[in-house]
file entry.tsv (TSV, N, CA and C atoms)
chain	number	residue	atom	x	y	z
H	1	MET	N	-12.19	32.98	17.30
H	1	MET	CA	-13.46	32.71	17.96
H	1	MET	C	-13.59	31.22	18.16
H	2	ALA	N	-13.65	30.77	19.37
H	2	ALA	CA	-13.77	29.35	19.69
H	2	ALA	C	-15.24	28.97	19.79
H	3	THR	N	-15.64	28.09	18.92
H	3	THR	CA	-17.01	27.61	18.96
H	3	THR	C	-17.03	26.16	19.40
H	4	LYS	N	-18.21	25.66	19.67
H	4	LYS	CA	-18.36	24.27	20.07
H	4	LYS	C	-17.89	23.34	18.96
H	5	GLU	N	-18.13	23.74	17.70
H	5	GLU	CA	-17.75	22.93	16.55
H	5	GLU	C	-16.23	22.80	16.45
H	6	MET	N	-15.49	23.88	16.72
H	6	MET	CA	-14.04	23.86	16.60
H	6	MET	C	-13.38	23.07	17.73
H	7	ALA	N	-13.98	23.01	18.90
H	7	ALA	CA	-13.40	22.33	20.04
H	7	ALA	C	-13.64	20.82	19.99
H	8	LYS	N	-14.36	20.36	18.98
H	8	LYS	CA	-14.69	18.95	18.83
H	8	LYS	C	-13.44	18.12	18.56
H	9	GLU	N	-13.48	16.87	18.95
H	9	GLU	CA	-12.36	15.96	18.73
H	9	GLU	C	-12.49	15.33	17.35
H	10	PHE	N	-11.46	15.48	16.50
H	10	PHE	CA	-11.50	14.90	15.17
H	10	PHE	C	-10.09	14.56	14.70
H	11	ALA	N	-10.01	13.86	13.56
H	11	ALA	CA	-8.72	13.50	12.98
H	11	ALA	C	-8.86	13.45	11.47
H	12	ILE	N	-7.73	13.55	10.78
H	12	ILE	CA	-7.68	13.35	9.34
H	12	ILE	C	-6.83	12.11	9.10
H	13	ILE	N	-7.45	11.11	8.46
H	13	ILE	CA	-6.75	9.85	8.20
H	13	ILE	C	-6.57	9.67	6.70
H	14	GLU	N	-5.63	8.79	6.35
H	14	GLU	CA	-5.40	8.48	4.95
H	14	GLU	C	-5.56	6.97	4.77
H	15	THR	N	-6.41	6.59	3.80
H	15	THR	CA	-6.57	5.18	3.46
H	15	THR	C	-7.08	5.08	2.03
H	16	GLY	N	-6.59	4.10	1.32
H	16	GLY	CA	-7.01	3.90	-0.06
H	16	GLY	C	-6.64	5.04	-0.98
H	17	GLY	N	-5.57	5.78	-0.67
H	17	GLY	CA	-5.14	6.89	-1.50
H	17	GLY	C	-5.98	8.14	-1.33
H	18	LYS	N	-6.86	8.16	-0.32
H	18	LYS	CA	-7.72	9.32	-0.08
H	18	LYS	C	-7.58	9.76	1.37
H	19	GLN	N	-7.98	10.99	1.65
H	19	GLN	CA	-7.94	11.52	3.00
H	19	GLN	C	-9.36	11.78	3.47
H	20	TYR	N	-9.63	11.46	4.74
H	20	TYR	CA	-10.97	11.61	5.31
H	20	TYR	C	-10.89	12.36	6.63
H	21	LEU	N	-11.81	13.30	6.83
H	21	LEU	CA	-11.97	13.99	8.11
H	21	LEU	C	-12.97	13.18	8.91
H	22	VAL	N	-12.54	12.62	10.06
H	22	VAL	CA	-13.40	11.74	10.83
H	22	VAL	C	-13.51	12.20	12.28
H	23	ALA	N	-14.64	11.91	12.87
H	23	ALA	CA	-14.87	12.15	14.29
H	23	ALA	C	-15.49	10.87	14.85
H	24	GLU	N	-15.46	10.73	16.16
H	24	GLU	CA	-16.01	9.54	16.80
H	24	GLU	C	-17.51	9.44	16.50
H	25	GLY	N	-17.93	8.25	16.05
H	25	GLY	CA	-19.33	8.02	15.72
H	25	GLY	C	-19.67	8.22	14.26
H	26	ASP	N	-18.73	8.77	13.46
H	26	ASP	CA	-18.97	8.97	12.03
H	26	ASP	C	-19.00	7.64	11.29
H	27	THR	N	-19.77	7.62	10.19
H	27	THR	CA	-19.81	6.47	9.29
H	27	THR	C	-19.34	6.95	7.92
H	28	LEU	N	-18.40	6.19	7.31
H	28	LEU	CA	-17.92	6.59	6.01
H	28	LEU	C	-17.63	5.37	5.14
H	29	LYS	N	-17.63	5.59	3.81
H	29	LYS	CA	-17.31	4.54	2.85
H	29	LYS	C	-15.86	4.71	2.45
H	30	ILE	N	-15.10	3.61	2.54
H	30	ILE	CA	-13.68	3.63	2.17
H	30	ILE	C	-13.43	2.54	1.14
H	31	GLU	N	-12.28	2.62	0.50
H	31	GLU	CA	-11.86	1.58	-0.44
H	31	GLU	C	-11.68	0.27	0.33
H	32	LYS	N	-11.89	-0.84	-0.37
H	32	LYS	CA	-11.74	-2.16	0.24
H	32	LYS	C	-10.31	-2.33	0.75
H	33	LEU	N	-10.16	-2.88	1.95
H	33	LEU	CA	-8.85	-3.10	2.56
H	33	LEU	C	-8.35	-4.50	2.21
H	34	MET	N	-7.04	-4.64	2.10
H	34	MET	CA	-6.43	-5.93	1.81
H	34	MET	C	-6.63	-6.87	3.00
H	35	GLY	N	-6.72	-8.15	2.73
H	35	GLY	CA	-6.87	-9.14	3.78
H	35	GLY	C	-8.28	-9.69	3.83
H	36	ASP	N	-8.49	-10.58	4.76
H	36	ASP	CA	-9.77	-11.25	4.92
H	36	ASP	C	-10.55	-10.57	6.04
H	37	HIS	N	-11.54	-9.77	5.70
H	37	HIS	CA	-12.34	-9.03	6.67
H	37	HIS	C	-13.80	-9.43	6.53
H	38	LYS	N	-14.54	-9.31	7.63
H	38	LYS	CA	-15.98	-9.54	7.59
H	38	LYS	C	-16.68	-8.48	8.43
H	39	VAL	N	-18.00	-8.40	8.31
H	39	VAL	CA	-18.78	-7.40	9.04
H	39	VAL	C	-18.60	-7.64	10.54
H	40	GLY	N	-18.36	-6.57	11.28
H	40	GLY	CA	-18.15	-6.66	12.73
H	40	GLY	C	-16.69	-6.63	13.12
H	41	ASP	N	-15.78	-6.83	12.16
H	41	ASP	CA	-14.35	-6.78	12.46
H	41	ASP	C	-13.93	-5.37	12.82
H	42	SER	N	-12.90	-5.27	13.63
H	42	SER	CA	-12.34	-3.98	14.01
H	42	SER	C	-11.10	-3.72	13.16
H	43	VAL	N	-10.97	-2.50	12.65
H	43	VAL	CA	-9.80	-2.12	11.87
H	43	VAL	C	-9.19	-0.87	12.49
H	44	ALA	N	-7.88	-0.71	12.31
H	44	ALA	CA	-7.17	0.45	12.85
H	44	ALA	C	-6.47	1.17	11.71
H	45	PHE	N	-6.57	2.49	11.71
H	45	PHE	CA	-5.91	3.32	10.72
H	45	PHE	C	-4.73	4.01	11.40
H	46	ASP	N	-3.50	3.67	10.96
H	46	ASP	CA	-2.29	4.24	11.55
H	46	ASP	C	-1.82	5.50	10.84
H	47	ASN	N	-2.29	5.72	9.61
H	47	ASN	CA	-1.88	6.89	8.85
H	47	ASN	C	-2.75	8.09	9.23
H	48	VAL	N	-2.44	8.67	10.38
H	48	VAL	CA	-3.16	9.84	10.89
H	48	VAL	C	-2.34	11.09	10.55
H	49	LEU	N	-2.94	11.99	9.77
H	49	LEU	CA	-2.24	13.19	9.34
H	49	LEU	C	-2.38	14.34	10.32
H	50	LEU	N	-3.54	14.43	10.98
H	50	LEU	CA	-3.82	15.51	11.91
H	50	LEU	C	-4.78	14.99	12.96
H	51	ALA	N	-4.59	15.40	14.20
H	51	ALA	CA	-5.50	15.02	15.27
H	51	ALA	C	-5.76	16.23	16.16
H	52	GLN	N	-7.02	16.42	16.52
H	52	GLN	CA	-7.36	17.51	17.42
H	52	GLN	C	-8.17	16.94	18.57
H	53	HIS	N	-7.68	17.20	19.79
H	53	HIS	CA	-8.36	16.80	21.02
H	53	HIS	C	-8.64	18.07	21.81
H	54	GLY	N	-9.84	18.60	21.64
H	54	GLY	CA	-10.19	19.86	22.29
H	54	GLY	C	-9.40	21.00	21.70
H	55	GLU	N	-8.57	21.65	22.51
H	55	GLU	CA	-7.74	22.76	22.04
H	55	GLU	C	-6.35	22.30	21.60
H	56	ASP	N	-6.02	21.02	21.81
H	56	ASP	CA	-4.70	20.48	21.48
H	56	ASP	C	-4.71	19.90	20.07
H	57	THR	N	-3.96	20.51	19.15
H	57	THR	CA	-3.88	20.05	17.77
H	57	THR	C	-2.49	19.53	17.48
H	58	THR	N	-2.42	18.34	16.85
H	58	THR	CA	-1.15	17.74	16.47
H	58	THR	C	-1.15	17.53	14.96
H	59	ILE	N	-0.09	18.01	14.31
H	59	ILE	CA	0.05	17.85	12.87
H	59	ILE	C	1.24	16.95	12.61
H	60	GLY	N	1.05	15.93	11.76
H	60	GLY	CA	2.11	14.98	11.46
H	60	GLY	C	3.03	15.44	10.35
H	61	THR	N	4.19	14.78	10.24
H	61	THR	CA	5.15	15.09	9.18
H	61	THR	C	5.59	13.82	8.49
H	62	PRO	N	4.92	13.14	7.64
H	62	PRO	CA	3.54	13.36	7.25
H	62	PRO	C	2.53	12.72	8.19
H	63	TYR	N	2.94	11.70	8.98
H	63	TYR	CA	2.00	11.02	9.88
H	63	TYR	C	2.40	11.26	11.34
H	64	ILE	N	1.43	11.13	12.23
H	64	ILE	CA	1.68	11.28	13.66
H	64	ILE	C	2.08	9.93	14.21
H	65	LYS	N	3.25	9.86	14.84
H	65	LYS	CA	3.72	8.59	15.42
H	65	LYS	C	2.86	8.22	16.62
H	66	GLY	N	2.42	6.97	16.66
H	66	GLY	CA	1.65	6.46	17.79
H	66	GLY	C	0.17	6.80	17.74
H	67	ALA	N	-0.26	7.62	16.80
H	67	ALA	CA	-1.68	7.96	16.69
H	67	ALA	C	-2.41	6.85	15.96
H	68	LYS	N	-3.65	6.59	16.39
H	68	LYS	CA	-4.42	5.52	15.78
H	68	LYS	C	-5.90	5.85	15.85
H	69	VAL	N	-6.62	5.54	14.77
H	69	VAL	CA	-8.07	5.68	14.72
H	69	VAL	C	-8.65	4.29	14.56
H	70	SER	N	-9.52	3.89	15.48
H	70	SER	CA	-10.15	2.57	15.43
H	70	SER	C	-11.54	2.68	14.86
H	71	ALA	N	-11.91	1.66	14.07
H	71	ALA	CA	-13.24	1.64	13.45
H	71	ALA	C	-13.74	0.21	13.38
H	72	GLU	N	-15.04	0.08	13.17
H	72	GLU	CA	-15.67	-1.23	13.04
H	72	GLU	C	-16.35	-1.30	11.68
H	73	ILE	N	-16.16	-2.41	10.98
H	73	ILE	CA	-16.76	-2.58	9.66
H	73	ILE	C	-18.25	-2.87	9.85
H	74	SER	N	-19.10	-2.02	9.26
H	74	SER	CA	-20.55	-2.20	9.40
H	74	SER	C	-21.18	-2.75	8.13
H	75	LYS	N	-20.48	-2.65	6.99
H	75	LYS	CA	-21.04	-3.14	5.73
H	75	LYS	C	-19.92	-3.38	4.73
H	76	ILE	N	-20.02	-4.50	4.00
H	76	ILE	CA	-19.11	-4.80	2.91
H	76	ILE	C	-19.97	-4.98	1.67
H	77	SER	N	-19.71	-4.17	0.65
H	77	SER	CA	-20.57	-4.22	-0.52
H	77	SER	C	-19.82	-3.71	-1.74
H	78	ARG	N	-20.57	-3.52	-2.83
H	78	ARG	CA	-20.01	-2.95	-4.04
H	78	ARG	C	-20.90	-1.79	-4.48
H	79	ALA	N	-20.29	-0.80	-5.09
H	79	ALA	CA	-21.01	0.40	-5.52
H	79	ALA	C	-21.88	0.08	-6.73
H	80	LYS	N	-22.69	1.05	-7.14
H	80	LYS	CA	-23.52	0.89	-8.32
H	80	LYS	C	-22.63	0.68	-9.54
H	81	LYS	N	-23.16	-0.01	-10.53
H	81	LYS	CA	-22.40	-0.32	-11.73
H	81	LYS	C	-22.12	0.92	-12.56
H	82	VAL	N	-20.87	1.03	-13.01
H	82	VAL	CA	-20.45	2.07	-13.93
H	82	VAL	C	-20.26	1.40	-15.28
H	83	VAL	N	-20.94	1.88	-16.31
H	83	VAL	CA	-20.85	1.30	-17.64
H	83	VAL	C	-19.92	2.14	-18.50
H	84	VAL	N	-18.94	1.47	-19.12
H	84	VAL	CA	-17.98	2.13	-19.99
H	84	VAL	C	-18.20	1.61	-21.40
H	85	ILE	N	-18.42	2.52	-22.35
H	85	ILE	CA	-18.63	2.14	-23.75
H	85	ILE	C	-17.55	2.78	-24.61
H	86	LYS	N	-16.90	1.94	-25.42
H	86	LYS	CA	-15.93	2.42	-26.40
H	86	LYS	C	-16.54	2.17	-27.77
H	87	TYR	N	-16.56	3.20	-28.62
H	87	TYR	CA	-17.22	3.09	-29.91
H	87	TYR	C	-16.49	3.92	-30.95
H	88	LYS	N	-16.30	3.36	-32.11
H	88	LYS	CA	-15.75	4.10	-33.24
H	88	LYS	C	-16.68	3.93	-34.43
H	89	ALA	N	-17.08	5.04	-34.97
H	89	ALA	CA	-18.03	5.02	-36.08
H	89	ALA	C	-17.43	4.40	-37.34
H	90	LYS	N	-18.22	3.69	-38.09
H	90	LYS	CA	-17.89	3.13	-39.41
H	90	LYS	C	-16.75	2.11	-39.39
H	91	SER	N	-16.36	1.60	-38.23
H	91	SER	CA	-15.26	0.64	-38.20
H	91	SER	C	-15.64	-0.65	-37.46
H	92	ASN	N	-16.93	-0.83	-37.17
H	92	ASN	CA	-17.42	-2.04	-36.50
H	92	ASN	C	-16.71	-2.25	-35.16
H	93	TYR	N	-16.46	-1.18	-34.42
H	93	TYR	CA	-15.78	-1.26	-33.12
H	93	TYR	C	-16.73	-0.78	-32.03
H	94	PHE	N	-17.11	-1.70	-31.14
H	94	PHE	CA	-18.01	-1.38	-30.03
H	94	PHE	C	-17.66	-2.30	-28.87
H	95	LYS	N	-17.31	-1.72	-27.72
H	95	LYS	CA	-17.03	-2.52	-26.53
H	95	LYS	C	-17.82	-1.91	-25.37
H	96	LYS	N	-18.49	-2.77	-24.64
H	96	LYS	CA	-19.28	-2.34	-23.49
H	96	LYS	C	-18.80	-3.13	-22.28
H	97	ARG	N	-18.35	-2.41	-21.26
H	97	ARG	CA	-17.84	-3.05	-20.04
H	97	ARG	C	-18.52	-2.42	-18.83
H	98	GLY	N	-18.71	-3.22	-17.80
H	98	GLY	CA	-19.28	-2.73	-16.55
H	98	GLY	C	-18.30	-2.97	-15.41
H	99	HIS	N	-18.39	-2.14	-14.37
H	99	HIS	CA	-17.51	-2.28	-13.21
H	99	HIS	C	-18.25	-1.87	-11.95
H	100	ARG	N	-18.11	-2.67	-10.91
H	100	ARG	CA	-18.67	-2.33	-9.59
H	100	ARG	C	-17.51	-2.30	-8.60
H	101	GLN	N	-17.24	-1.11	-8.06
H	101	GLN	CA	-16.12	-0.92	-7.14
H	101	GLN	C	-16.48	-1.44	-5.75
H	102	PRO	N	-15.68	-2.35	-5.18
H	102	PRO	CA	-15.96	-2.82	-3.82
H	102	PRO	C	-15.61	-1.74	-2.79
H	103	PHE	N	-16.37	-1.71	-1.68
H	103	PHE	CA	-16.09	-0.73	-0.62
H	103	PHE	C	-16.45	-1.33	0.73
H	104	PHE	N	-15.91	-0.72	1.78
H	104	PHE	CA	-16.25	-1.02	3.17
H	104	PHE	C	-16.94	0.21	3.73
H	105	GLU	N	-17.98	0.00	4.51
H	105	GLU	CA	-18.59	1.09	5.26
H	105	GLU	C	-18.16	0.88	6.71
H	106	VAL	N	-17.47	1.86	7.27
H	106	VAL	CA	-16.93	1.72	8.64
H	106	VAL	C	-17.50	2.80	9.55
H	107	LYS	N	-17.61	2.45	10.83
H	107	LYS	CA	-18.06	3.40	11.85
H	107	LYS	C	-16.88	3.65	12.79
H	108	ILE	N	-16.50	4.91	12.94
H	108	ILE	CA	-15.35	5.28	13.78
H	108	ILE	C	-15.72	5.10	15.25
H	109	SER	N	-14.90	4.30	15.95
H	109	SER	CA	-15.20	4.04	17.36
H	109	SER	C	-14.32	4.85	18.31
H	110	SER	N	-13.07	5.11	17.95
H	110	SER	CA	-12.22	5.90	18.86
H	110	SER	C	-11.07	6.55	18.10
H	111	ILE	N	-10.62	7.68	18.65
H	111	ILE	CA	-9.47	8.41	18.13
H	111	ILE	C	-8.45	8.51	19.25
H	112	LYS	N	-7.25	7.97	19.03
H	112	LYS	CA	-6.22	7.98	20.07
H	112	LYS	C	-4.98	8.69	19.57
call {"tool": "encode", "arguments": {"input": "entry.tsv", "output": "structure tokens"}}
result
Amino acid sequence: MATKEMAKEFAIIETGGKQYLVAEGDTLKIEKLMGDHKVGDSVAFDNVLLAQHGEDTTIGTPYIKGAKVSAEISKISRAKKVVVIKYKAKSNYFKKRGHRQPFFEVKISSIK
């Protein structure tokens, strides 16, 4: 059964050790990318695992050669703090550490 949802153009990309299902206009949070980036910069994801353009579906082995997803960085920030506590009773051992994971928020501009 072909629905409007299935005929939509989308892709599955890999970045930061994770896979994301993206469509044009989507906004998603990804792991921070290496290099010097700022808000408004354009980034390209070459690790495309699957791409669907209407009824035409392409599956990579593992990646599709020549396929590219372009996005624009809309926000650079860090996630909420995660507090890690290590404690051992009766041995005077207590360590408290905090961590804020950096991330990029990107908006998908095109799937090629």
call {"tool": "residues_near_point", "arguments": {"input": "entry.tsv", "point": "(-18.9, -3.3, 0.3)", "cutoff": "5 Å", "atoms": "all atoms listed in the file", "output": "short mmCIF file (atom, residue, chain, number, x, y, z; two decimals) with N, CA and C atoms, in the coordinates of the input"}}
result
data_model
loop_
_atom_site.label_atom_id
_atom_site.label_comp_id
_atom_site.auth_asym_id
_atom_site.auth_seq_id
_atom_site.Cartn_x
_atom_site.Cartn_y
_atom_site.Cartn_z
N LYS H 75 -20.48 -2.65 6.99
CA LYS H 75 -21.04 -3.14 5.73
C LYS H 75 -19.92 -3.38 4.73
N ILE H 76 -20.02 -4.50 4.00
CA ILE H 76 -19.11 -4.80 2.91
C ILE H 76 -19.97 -4.98 1.67
N SER H 77 -19.71 -4.17 0.65
CA SER H 77 -20.57 -4.22 -0.52
C SER H 77 -19.82 -3.71 -1.74
N ARG H 78 -20.57 -3.52 -2.83
CA ARG H 78 -20.01 -2.95 -4.04
C ARG H 78 -20.90 -1.79 -4.48
N PRO H 102 -15.68 -2.35 -5.18
CA PRO H 102 -15.96 -2.82 -3.82
C PRO H 102 -15.61 -1.74 -2.79
N PHE H 103 -16.37 -1.71 -1.68
CA PHE H 103 -16.09 -0.73 -0.62
C PHE H 103 -16.45 -1.33 0.73
N PHE H 104 -15.91 -0.72 1.78
CA PHE H 104 -16.25 -1.02 3.17
C PHE H 104 -16.94 0.21 3.73
#
call {"tool": "select_by_dssp", "arguments": {"input": "entry.tsv", "residues": "chain H", "states": "strand (DSSP E or B)", "output": "number ranges by chain"}}
result
H: 10-15, 18-23, 27-31, 42-45, 48-53, 56-59, 69-78, 82-88, 93-99, 102-111
call {"tool": "residues_near_point", "arguments": {"input": "entry.tsv", "point": "(-17.5, 2.5, -5.2)", "cutoff": "12 Å", "atoms": "only C-alpha atoms", "output": "list in words"}}
result
Gly16, Leu28, Lys29, Ile30, Glu31, Lys32, Ile76, Ser77, Arg78, Ala79, Lys80, Lys81, Val82, His99, Arg100, Gln101, Pro102, Phe103, Phe104 and Glu105 of chain H
call {"tool": "write_last_selection", "arguments": {"input": "entry.tsv", "atoms": "N, CA and C atoms", "output": "PDB file, in the coordinates of the input"}}
result
ATOM      1  N   GLY H  16      -6.590   4.100   1.320  1.00  0.00           N
ATOM      2  CA  GLY H  16      -7.010   3.900  -0.060  1.00  0.00           C
ATOM      3  C   GLY H  16      -6.640   5.040  -0.980  1.00  0.00           C
ATOM      4  N   LEU H  28     -18.400   6.190   7.310  1.00  0.00           N
ATOM      5  CA  LEU H  28     -17.920   6.590   6.010  1.00  0.00           C
ATOM      6  C   LEU H  28     -17.630   5.370   5.140  1.00  0.00           C
ATOM      7  N   LYS H  29     -17.630   5.590   3.810  1.00  0.00           N
ATOM      8  CA  LYS H  29     -17.310   4.540   2.850  1.00  0.00           C
ATOM      9  C   LYS H  29     -15.860   4.710   2.450  1.00  0.00           C
ATOM     10  N   ILE H  30     -15.100   3.610   2.540  1.00  0.00           N
ATOM     11  CA  ILE H  30     -13.680   3.630   2.170  1.00  0.00           C
ATOM     12  C   ILE H  30     -13.430   2.540   1.140  1.00  0.00           C
ATOM     13  N   GLU H  31     -12.280   2.620   0.500  1.00  0.00           N
ATOM     14  CA  GLU H  31     -11.860   1.580  -0.440  1.00  0.00           C
ATOM     15  C   GLU H  31     -11.680   0.270   0.330  1.00  0.00           C
ATOM     16  N   LYS H  32     -11.890  -0.840  -0.370  1.00  0.00           N
ATOM     17  CA  LYS H  32     -11.740  -2.160   0.240  1.00  0.00           C
ATOM     18  C   LYS H  32     -10.310  -2.330   0.750  1.00  0.00           C
ATOM     19  N   ILE H  76     -20.020  -4.500   4.000  1.00  0.00           N
ATOM     20  CA  ILE H  76     -19.110  -4.800   2.910  1.00  0.00           C
ATOM     21  C   ILE H  76     -19.970  -4.980   1.670  1.00  0.00           C
ATOM     22  N   SER H  77     -19.710  -4.170   0.650  1.00  0.00           N
ATOM     23  CA  SER H  77     -20.570  -4.220  -0.520  1.00  0.00           C
ATOM     24  C   SER H  77     -19.820  -3.710  -1.740  1.00  0.00           C
ATOM     25  N   ARG H  78     -20.570  -3.520  -2.830  1.00  0.00           N
ATOM     26  CA  ARG H  78     -20.010  -2.950  -4.040  1.00  0.00           C
ATOM     27  C   ARG H  78     -20.900  -1.790  -4.480  1.00  0.00           C
ATOM     28  N   ALA H  79     -20.290  -0.800  -5.090  1.00  0.00           N
ATOM     29  CA  ALA H  79     -21.010   0.400  -5.520  1.00  0.00           C
ATOM     30  C   ALA H  79     -21.880   0.080  -6.730  1.00  0.00           C
ATOM     31  N   LYS H  80     -22.690   1.050  -7.140  1.00  0.00           N
ATOM     32  CA  LYS H  80     -23.520   0.890  -8.320  1.00  0.00           C
ATOM     33  C   LYS H  80     -22.630   0.680  -9.540  1.00  0.00           C
ATOM     34  N   LYS H  81     -23.160  -0.010 -10.530  1.00  0.00           N
ATOM     35  CA  LYS H  81     -22.400  -0.320 -11.730  1.00  0.00           C
ATOM     36  C   LYS H  81     -22.120   0.920 -12.560  1.00  0.00           C
ATOM     37  N   VAL H  82     -20.870   1.030 -13.010  1.00  0.00           N
ATOM     38  CA  VAL H  82     -20.450   2.070 -13.930  1.00  0.00           C
ATOM     39  C   VAL H  82     -20.260   1.400 -15.280  1.00  0.00           C
ATOM     40  N   HIS H  99     -18.390  -2.140 -14.370  1.00  0.00           N
ATOM     41  CA  HIS H  99     -17.510  -2.280 -13.210  1.00  0.00           C
ATOM     42  C   HIS H  99     -18.250  -1.870 -11.950  1.00  0.00           C
ATOM     43  N   ARG H 100     -18.110  -2.670 -10.910  1.00  0.00           N
ATOM     44  CA  ARG H 100     -18.670  -2.330  -9.590  1.00  0.00           C
ATOM     45  C   ARG H 100     -17.510  -2.300  -8.600  1.00  0.00           C
ATOM     46  N   GLN H 101     -17.240  -1.110  -8.060  1.00  0.00           N
ATOM     47  CA  GLN H 101     -16.120  -0.920  -7.140  1.00  0.00           C
ATOM     48  C   GLN H 101     -16.480  -1.440  -5.750  1.00  0.00           C
ATOM     49  N   PRO H 102     -15.680  -2.350  -5.180  1.00  0.00           N
ATOM     50  CA  PRO H 102     -15.960  -2.820  -3.820  1.00  0.00           C
ATOM     51  C   PRO H 102     -15.610  -1.740  -2.790  1.00  0.00           C
ATOM     52  N   PHE H 103     -16.370  -1.710  -1.680  1.00  0.00           N
ATOM     53  CA  PHE H 103     -16.090  -0.730  -0.620  1.00  0.00           C
ATOM     54  C   PHE H 103     -16.450  -1.330   0.730  1.00  0.00           C
ATOM     55  N   PHE H 104     -15.910  -0.720   1.780  1.00  0.00           N
ATOM     56  CA  PHE H 104     -16.250  -1.020   3.170  1.00  0.00           C
ATOM     57  C   PHE H 104     -16.940   0.210   3.730  1.00  0.00           C
ATOM     58  N   GLU H 105     -17.980   0.000   4.510  1.00  0.00           N
ATOM     59  CA  GLU H 105     -18.590   1.090   5.260  1.00  0.00           C
ATOM     60  C   GLU H 105     -18.160   0.880   6.710  1.00  0.00           C
TER      61      GLU H 105
END
call {"tool": "residues_around", "arguments": {"input": "entry.tsv", "residues": "segment 42-44 of chain H", "least_positions_apart": "4", "cutoff": "6 Å", "atoms": "only C-alpha atoms", "output": "list of chain:residue names"}}
result
H:Val69, H:Ser70, H:Ala71, H:Glu72
call {"tool": "residues_around", "arguments": {"input": "entry.tsv", "residues": "Lys68 of chain H", "least_positions_apart": "3", "cutoff": "7 Å", "atoms": "only C-alpha atoms", "output": "list in words"}}
result
Ala44, Phe45, Asp46, Val48, Ile111 and Lys112 of chain H
call {"tool": "write_last_selection", "arguments": {"input": "entry.tsv", "atoms": "N, CA and C atoms", "output": "mmCIF file, in the frame of the given file"}}
result
data_model
loop_
_atom_site.group_PDB
_atom_site.id
_atom_site.type_symbol
_atom_site.label_atom_id
_atom_site.label_comp_id
_atom_site.auth_asym_id
_atom_site.auth_seq_id
_atom_site.Cartn_x
_atom_site.Cartn_y
_atom_site.Cartn_z
ATOM 1 N N ALA H 44 -7.880 -0.710 12.310
ATOM 2 C CA ALA H 44 -7.170 0.450 12.850
ATOM 3 C C ALA H 44 -6.470 1.170 11.710
ATOM 4 N N PHE H 45 -6.570 2.490 11.710
ATOM 5 C CA PHE H 45 -5.910 3.320 10.720
ATOM 6 C C PHE H 45 -4.730 4.010 11.400
ATOM 7 N N ASP H 46 -3.500 3.670 10.960
ATOM 8 C CA ASP H 46 -2.290 4.240 11.550
ATOM 9 C C ASP H 46 -1.820 5.500 10.840
ATOM 10 N N VAL H 48 -2.440 8.670 10.380
ATOM 11 C CA VAL H 48 -3.160 9.840 10.890
ATOM 12 C C VAL H 48 -2.340 11.090 10.550
ATOM 13 N N ILE H 111 -10.620 7.680 18.650
ATOM 14 C CA ILE H 111 -9.470 8.410 18.130
ATOM 15 C C ILE H 111 -8.450 8.510 19.250
ATOM 16 N N LYS H 112 -7.250 7.970 19.030
ATOM 17 C CA LYS H 112 -6.220 7.980 20.070
ATOM 18 C C LYS H 112 -4.980 8.690 19.570
#
call {"tool": "closest_residue", "arguments": {"input": "entry.tsv", "among": "H:Lys107, H:Val83, H:Ile59, H:Asn47", "to": "Thr15 of chain H", "atoms": "only N, CA and C atoms"}}
result
H:Asn47
call {"tool": "atom_distance", "arguments": {"input": "entry.tsv", "atom1": "atom N of Ile64 of chain H", "atom2": "atom N of Gln52 of chain H"}}
result
10.9 Å
call {"tool": "residues_around", "arguments": {"input": "entry.tsv", "residues": "segment 60-62 of chain H", "least_positions_apart": "2", "cutoff": "7 Å", "atoms": "only C-alpha atoms", "output": "ChimeraX atom specification"}}
result
/H:49-50,58,64
call {"tool": "atom_distance", "arguments": {"input": "entry.tsv", "atom1": "atom N of Phe10 of chain H", "atom2": "atom CA of Gly40 of chain H"}}
result
23.4 Å
